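Peer 1: Take a look at coords_17.cif, mmCIF, C-alpha atoms:
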```cif
data_structure
#
loop_
_atom_site.label_atom_id
_atom_site.label_comp_id
_atom_site.auth_asym_id
_atom_site.auth_seq_id
_atom_site.Cartn_x
_atom_site.Cartn_y
_atom_site.Cartn_z
CA MET A 1 57.22 22.64 250.24
CA ILE A 2 56.50 18.94 250.77
CA ILE A 3 58.74 16.76 248.60
CA THR A 4 58.21 13.05 248.03
CA THR A 5 61.21 10.82 247.43
CA ASN A 6 59.83 9.10 244.33
CA LYS A 7 59.51 12.43 242.50
CA ILE A 8 63.08 13.62 243.10
CA PRO A 9 65.50 13.43 240.14
CA ALA A 10 68.60 11.28 240.52
CA ALA A 11 70.74 14.38 240.14
CA ILE A 12 70.29 18.13 239.88
CA ILE A 13 73.27 19.43 237.97
CA PHE A 14 74.24 23.10 237.83
CA PHE A 15 76.61 24.60 235.30
CA GLY A 16 77.48 28.11 234.22
CA PRO A 17 80.13 30.84 234.39
CA ASP A 18 82.07 31.48 237.59
CA GLY A 19 80.28 34.03 239.76
CA SER A 20 76.80 33.34 238.38
CA GLY A 21 75.55 31.95 241.70
CA LYS A 22 75.95 28.16 241.41
CA THR A 23 77.49 27.68 244.85
CA THR A 24 74.83 29.73 246.62
CA GLN A 25 71.98 27.99 244.83
CA ALA A 26 73.45 24.50 245.28
CA ASN A 27 73.75 25.12 249.04
CA LEU A 28 70.17 26.39 249.26
CA LEU A 29 68.86 23.41 247.32
CA VAL A 30 70.75 20.92 249.51
CA GLU A 31 69.28 22.64 252.56
CA GLU A 32 65.77 22.43 251.04
CA LEU A 33 66.10 18.74 250.26
CA ARG A 34 67.55 17.81 253.64
CA LYS A 35 64.81 19.79 255.36
CA ASN A 36 62.43 17.36 253.68
CA ARG A 37 64.56 14.40 254.82
CA ILE A 38 65.79 13.59 251.33
CA LYS A 39 69.15 11.80 251.35
CA THR A 40 71.34 14.33 249.58
CA ARG A 41 74.99 14.64 248.60
CA LYS A 42 76.64 17.75 247.19
CA LEU A 43 79.29 17.32 244.50
CA TRP A 44 82.00 19.64 243.17
CA LEU A 45 83.96 18.32 240.21
CA ARG A 46 86.29 20.15 237.86
CA SER A 47 89.42 19.77 235.77
CA LEU A 48 92.84 18.80 237.18
CA HIS A 49 92.19 15.83 239.44
CA THR A 50 94.38 12.95 240.67
CA LEU A 51 96.68 11.80 237.82
CA ALA A 52 96.23 15.03 235.83
CA PHE A 53 97.24 17.08 238.86
CA VAL A 54 100.28 14.88 239.57
CA VAL A 55 101.48 15.11 235.95
CA SER A 56 100.94 18.89 235.94
CA GLY A 57 102.84 19.23 239.22
CA ILE A 58 105.81 17.24 237.93
CA ALA A 59 105.86 19.24 234.69
CA MET A 60 105.74 22.51 236.64
CA HIS A 61 108.90 21.60 238.59
CA VAL A 62 110.79 19.99 235.70
CA LEU A 63 110.01 22.78 233.22
CA ARG A 64 110.13 25.50 235.90
CA LEU A 65 106.64 26.76 235.15
CA ASP A 66 104.77 29.30 237.26
CA SER A 67 101.70 27.13 237.98
CA VAL A 68 100.23 23.67 237.42
CA TYR A 69 97.90 25.14 234.79
CA GLU A 70 100.71 26.50 232.60
CA PHE A 71 101.73 23.06 231.31
CA ARG A 72 98.41 22.58 229.51
CA ALA A 73 98.22 26.16 228.29
CA ARG A 74 101.74 26.12 226.84
CA TYR A 75 101.37 22.95 224.75
CA SER A 76 97.64 22.73 224.11
CA HIS A 77 97.98 24.07 220.55
CA LYS A 78 99.77 20.83 219.59
CA ARG A 79 97.24 18.23 218.46
CA LEU A 80 99.26 15.24 219.72
CA PHE A 81 99.68 16.80 223.16
CA ARG A 82 95.98 17.64 223.26
CA ARG A 83 95.03 14.00 222.65
CA PHE A 84 97.53 12.84 225.26
CA TRP A 85 96.21 15.33 227.81
CA TYR A 86 92.54 14.53 227.17
CA ALA A 87 93.30 10.88 227.88
CA ILE A 88 94.99 11.79 231.17
CA GLU A 89 92.10 14.02 232.20
CA PHE A 90 89.55 11.30 231.40
CA VAL A 91 91.45 8.63 233.35
CA SER A 92 91.74 11.10 236.24
CA ILE A 93 88.09 12.07 236.42
CA LEU A 94 86.50 8.65 235.76
CA PRO A 95 86.98 7.23 239.30
CA LEU A 96 85.49 10.42 240.76
CA ILE A 97 82.46 10.16 238.49
CA LEU A 98 81.90 6.54 239.49
CA PHE A 99 82.56 6.76 243.23
CA ARG A 100 81.44 10.30 244.10
CA PHE A 101 78.50 10.56 241.73
CA HIS A 102 77.09 7.23 240.57
CA LEU A 103 77.76 5.15 243.68
CA PRO A 104 75.84 7.52 246.01
CA ILE A 105 72.94 7.51 243.52
CA ARG A 106 72.91 3.70 243.64
CA ARG A 107 72.76 3.98 247.42
CA GLY A 108 69.63 6.13 247.22
CA TYR A 109 71.10 9.63 247.46
CA THR A 110 70.06 12.60 245.35
CA ILE A 111 73.11 14.40 244.00
CA VAL A 112 73.21 18.18 243.86
CA ALA A 113 76.18 18.91 241.62
CA GLU A 114 77.53 22.44 241.88
CA ARG A 115 80.01 21.38 239.21
CA TYR A 116 80.04 18.15 237.25
CA VAL A 117 81.17 16.94 233.82
CA LEU A 118 79.60 19.92 232.05
CA ASP A 119 81.87 22.40 233.82
CA TRP A 120 84.74 19.94 233.35
CA ILE A 121 84.22 20.05 229.59
CA VAL A 122 84.01 23.86 229.56
CA SER A 123 87.12 24.20 231.72
CA LEU A 124 89.16 21.73 229.68
CA SER A 125 87.98 23.30 226.43
CA TYR A 126 89.12 26.75 227.60
CA LEU A 127 92.46 25.64 229.01
CA SER A 128 93.30 23.67 225.86
CA ARG A 129 92.09 26.55 223.67
CA ASN A 130 89.82 24.16 221.81
CA GLU A 131 86.29 25.48 221.30
CA SER A 132 85.37 22.45 219.19
CA MET A 133 85.94 20.05 222.10
CA LEU A 134 82.19 19.98 222.74
CA ASP A 135 81.85 17.99 219.51
CA SER A 136 84.67 15.60 220.35
CA PHE A 137 84.39 11.90 221.11
CA LEU A 138 85.69 12.55 224.64
CA ALA A 139 82.98 15.11 225.43
CA LYS A 140 80.24 12.88 224.05
CA THR A 141 81.58 9.95 226.08
CA VAL A 142 81.67 11.94 229.32
CA LEU A 143 78.15 13.28 228.77
CA ARG A 144 76.90 9.69 228.85
CA PHE A 145 77.68 9.66 232.57
CA ILE A 146 74.76 12.00 233.20
CA PRO A 147 71.81 9.86 234.38
CA LYS A 148 68.64 10.13 232.31
CA ASN A 149 66.65 11.02 235.41
CA SER A 150 68.53 14.28 235.94
CA ILE A 151 67.73 17.98 235.79
CA LEU A 152 70.35 20.22 234.17
CA ILE A 153 70.25 23.87 235.16
CA TYR A 154 72.32 26.50 233.38
CA ILE A 155 72.90 29.36 235.83
CA ASP A 156 73.87 32.37 233.72
CA ALA A 157 74.77 35.99 234.50
CA SER A 158 76.17 38.90 232.55
CA TYR A 159 79.80 39.91 232.98
CA ASP A 160 78.74 43.20 234.60
CA ALA A 161 76.55 41.37 237.12
CA ILE A 162 79.38 38.97 237.94
CA CYS A 163 81.79 41.88 238.52
CA LYS A 164 79.26 43.67 240.76
CA ARG A 165 79.15 40.57 242.94
CA GLY A 166 82.83 41.05 243.69
CA ARG A 167 84.32 38.56 241.26
CA LYS A 168 86.69 40.77 239.26
CA GLU A 169 89.69 38.44 238.95
CA ASP A 170 88.26 36.67 235.89
CA SER A 171 88.67 38.38 232.53
CA PHE A 172 85.82 39.22 230.19
CA GLU A 173 87.35 36.81 227.65
CA PHE A 174 87.22 33.92 230.14
CA ILE A 175 83.65 34.59 231.32
CA ASP A 176 82.49 35.14 227.74
CA PHE A 177 83.99 31.80 226.72
CA GLN A 178 82.25 30.06 229.62
CA ARG A 179 78.91 31.66 228.76
CA ARG A 180 79.13 30.84 225.05
CA THR A 181 80.09 27.23 225.66
CA CYS A 182 77.54 26.72 228.43
CA ALA A 183 74.82 28.18 226.20
CA LYS A 184 75.69 25.62 223.52
CA ILE A 185 75.51 22.81 226.08
CA ALA A 186 72.21 24.09 227.44
CA SER A 187 70.72 24.12 223.95
CA MET A 188 72.14 20.71 223.08
CA LEU A 189 70.88 19.03 226.27
CA SER A 190 67.57 20.93 226.63
CA SER A 191 68.63 22.37 229.99
CA VAL A 192 66.70 24.77 232.21
CA VAL A 193 68.20 28.26 231.74
CA ILE A 194 68.06 30.85 234.52
CA ASP A 195 69.68 34.28 234.13
CA THR A 196 70.50 35.55 237.61
CA SER A 197 71.70 39.00 236.49
CA ASP A 198 68.62 40.88 237.65
CA LYS A 199 67.17 38.40 240.14
CA SER A 200 67.58 38.07 243.90
CA VAL A 201 69.00 34.93 245.47
CA GLN A 202 65.53 33.99 246.73
CA GLU A 203 63.91 34.50 243.32
CA VAL A 204 66.46 32.21 241.69
CA HIS A 205 66.03 29.61 244.43
CA GLU A 206 62.25 29.59 243.91
CA LEU A 207 62.70 29.12 240.16
CA ILE A 208 65.08 26.22 240.74
CA CYS A 209 62.65 24.56 243.15
CA HIS A 210 59.88 24.98 240.61
CA PHE A 211 61.77 23.46 237.69
CA ALA A 212 63.63 20.77 239.62
CA LEU A 213 61.06 19.79 242.22
CA GLU A 214 57.57 21.28 241.99
CA ALA A 215 57.16 20.74 238.25
CA ARG A 216 57.76 17.01 238.81
CA LEU A 217 55.21 16.57 241.60
#
```
Using the file provided, produce a representation of the structure as C-alpha cells.
Peer 2:
Amino acid sequence: MIITTNKIPAAIIFFGPDGSGKTTQANLLVEELRKNRIKTRKLWLRSLHTLAFVVSGIAMHVLRLDSVYEFRARYSHKRLFRRFWYAIEFVSILPLILFRFHLPIRRGYTIVAERYVLDWIVSLSYLSRNESMLDSFLAKTVLRFIPKNSILIYIDASYDAICKRGRKEDSFEFIDFQRRTCAKIASMLSSVVIDTSDKSVQEVHELICHFALEARL
C-alpha cells in the first residue's frame, strides 16, 4: 500500500476491552506506516500516572493497603472523594496528553494510540464504580483533547474469545463493563467498530488499514 502524508489522520486511536487485540494491531499499524516512511509515534496512556500514582502509593503505605489500586476502590463510593480523585487524575494525565500526544503531532508525527483518553475514562469509571462518568464534565473535557483529524477504532471481542487468547485473569464482570462502556463511546463518537472474535490478525489489520488509511486516499 502506498500512503501519502497529506492523507494520514493526525491520530489513529484504538480503544476496547483488554485482550481484544489492540496491542497487536497498533504494532502492525505502526510498522505499516513506518514502512511507508510516515513519521509515527506509538502511545500508551492509562489511569494512575504521576501525581495519582504517588498519592496512591503513599495511601497504600499509610493505610496498609494491598495495592495502589485499593485506595480508589475503597473510597470511590463517597462523592466527595470521587471529585477529589478525578481532579488528581486529570492533573496527572494532562501533561502526558500535551507532551506525549499533542506535541509530537505539532512536530509532524502521526500518533498511533494503543490506549488514550478513551481507555482512561473507561478505566477510571470502572475503578471508581461510576458508570455515569461518561456523562460527566471531566469526561467531556478530556474528550476535547482528541484532534478532529483523528480516526477512532473500537476493537471489540467476546469474553470467550478473549479467554481463548490466554487472557483469563480478568473477570467477566470487568470485561463486560469495558465492552458496555466502550460501545457507548463508540456510538457517541461515531467510531469504527471491529469485532475481532472470529477474525484473524491479518483480517483485522486489513480492515484497520482500509478504514484508517485507504478510505481516506
Peer 1: For the structure provided, state which residues fall under the PyMOL selection byres ((chain A and resi 151) around 7), and present them as a PyMOL selection string.
Peer 2: chain A and resi 9+11-13+150+152-153+212
Peer 1: Counting only C-alpha atoms, which residues of stretch 153-216 of chain A fall within 10 Å of stretch 132-146 of chain A, and what is the closest atom pair for each with its distance in Å at one decimal, ordered by chain and rising number, as JSON lines?
Peer 2:
```
{"residue": "A:Thr181", "atom": "CA", "partner": "A:Leu134", "partner_atom": "CA", "distance": 8.1}
{"residue": "A:Cys182", "atom": "CA", "partner": "A:Leu134", "partner_atom": "CA", "distance": 10.0}
{"residue": "A:Lys184", "atom": "CA", "partner": "A:Leu134", "partner_atom": "CA", "distance": 8.6}
{"residue": "A:Ile185", "atom": "CA", "partner": "A:Leu134", "partner_atom": "CA", "distance": 8.0}
{"residue": "A:Leu189", "atom": "CA", "partner": "A:Leu143", "partner_atom": "CA", "distance": 9.6}
```
Peer 1: Please provide as an NGL selection string all residues within 10 Å of A:Ser67, with the sequence filter that same-chain residues fewer than 6 positions apart are discarded (counting only C-alpha atoms).
Peer 2: :A and (56-57 or 59-61)
Peer 1: Got a sec: who's within 8 Å of stretch 38-42 of chain A, counting all atoms listed in the file, leaving out chain neighbours fewer than 6 positions off, as a list in words?
Peer 2: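 Contacts, in chain order: Thr5, Ala26, Val30, Pro104, Gly108, Tyr109, Thr110, Ile111, Val112, Ala113 and Glu114 of chain A.
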Peer 1: Can you work out which one of A:Leu80, A:Lys148, A:Phe15, A:Pro95 has the shortest atom-to-atom distance to A:Ile194, counting all atoms listed in the file?
Peer 2: A:Phe15
Peer 1: With a distance cut-off of 8 Å and only C-alpha atoms, select the neighbouring residues of A:Asp156, excluding the residue or stretch itself and same-chain residues fewer than 4 positions from it, and output the selection as a list in words.
Peer 2: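 Selected residues are Gly16, Pro17, Ser20, Arg179, Val193, Ile194, Asp195, Thr196 and Ser197 of chain A.
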Peer 1: Please write the residues from the selection above to a file, keeping C-alpha atoms, as a tab-separated table (two decimals), in the frame of the given file.
Peer 2:
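This is the output file again33.tsv:
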```
chain	number	residue	atom	x	y	z
A	16	GLY	CA	77.48	28.11	234.22
A	17	PRO	CA	80.13	30.84	234.39
A	20	SER	CA	76.80	33.34	238.38
A	179	ARG	CA	78.91	31.66	228.76
A	193	VAL	CA	68.20	28.26	231.74
A	194	ILE	CA	68.06	30.85	234.52
A	195	ASP	CA	69.68	34.28	234.13
A	196	THR	CA	70.50	35.55	237.61
A	197	SER	CA	71.70	39.00	236.49
```
Peer 1: Rounded to one decimal place, report the atom CA of A:Arg180-atom CA of A:Ile121 distance in Å.
Peer 2: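 Atom-to-atom, atom CA of A:Arg180 to atom CA of A:Ile121, that is 12.8 Å.
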Peer 1: Which residues would end up in the selection if the PyMOL selection byres ((chain A and resi 49) around 10) were applied here, given that I need the answer as a PyMOL selection string?
Peer 2: chain A and resi 45-48+50-56+88-94+96
Peer 1: Expressed in Å to a single decimal, how great is the separation between atom CA of A:Phe174 and atom CA of A:Lys22?
Peer 2: 16.9 Å
Peer 1: Would you compute the distance between atom CA of A:Arg72 and atom CA of A:Trp44? Give it in Å to one decimal.
Peer 2: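 These two atoms are separated by 21.6 Å.
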Peer 1: Tell me which of A:Leu98, A:Ile58, A:Leu63, A:Val192 sits closest to A:Val117, counting all atoms listed in the file.
Peer 2: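 Using all atoms listed in the file, the shortest distance to A:Val117 belongs to A:Leu98.
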Peer 1: Find the residues around A:Gln25 up to 10 Å (only C-alpha atoms counted), leave out those fewer than 6 positions away in its own chain, and share them as an NGL selection string.
Peer 2: :A and (14 or 31 or 112 or 114 or 155 or 201-202 or 204-206 or 208)
Peer 1: Taking only C-alpha atoms into account, name the residue in A:Asp18, A:Glu214, A:Glu70, A:Asp198 that is nearest to A:Asp170.
Peer 2: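 Nearest to A:Asp170: A:Asp18.
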Peer 1: Taking only C-alpha atoms into account, which of A:Leu28, A:Ala10, A:Ala73, A:Ala183 comes nearest A:Cys209?
Peer 2: A:Leu28
Peer 1: Can you spell out as a PyMOL selection string the set of residues that the PyMOL selection byres ((chain A and resi 158-161) around 8) selects in the structure I just provided?
Peer 2: chain A and resi 156-157+162-165+172+175-176+197-198
Peer 1: Go ahead and save the residues from that selection, with C-alpha atoms, as a PDB file, in the frame of the given file.
Peer 2:
```pdb
ATOM      1  CA  ASP A 156      73.870  32.370 233.720  1.00  0.00           C
ATOM      2  CA  ALA A 157      74.770  35.990 234.500  1.00  0.00           C
ATOM      3  CA  ILE A 162      79.380  38.970 237.940  1.00  0.00           C
ATOM      4  CA  CYS A 163      81.790  41.880 238.520  1.00  0.00           C
ATOM      5  CA  LYS A 164      79.260  43.670 240.760  1.00  0.00           C
ATOM      6  CA  ARG A 165      79.150  40.570 242.940  1.00  0.00           C
ATOM      7  CA  PHE A 172      85.820  39.220 230.190  1.00  0.00           C
ATOM      8  CA  ILE A 175      83.650  34.590 231.320  1.00  0.00           C
ATOM      9  CA  ASP A 176      82.490  35.140 227.740  1.00  0.00           C
ATOM     10  CA  SER A 197      71.700  39.000 236.490  1.00  0.00           C
ATOM     11  CA  ASP A 198      68.620  40.880 237.650  1.00  0.00           C
TER      12      ASP A 198
END
```
Peer 1: Measuring between all atoms listed in the file, which one of A:His102, A:Arg74, A:Arg107, A:Lys168 shows the shortest distance to A:Leu127?
Peer 2: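 Of A:His102, A:Arg74, A:Arg107, A:Lys168, the one nearest A:Leu127, counting all atoms listed in the file, is A:Arg74.
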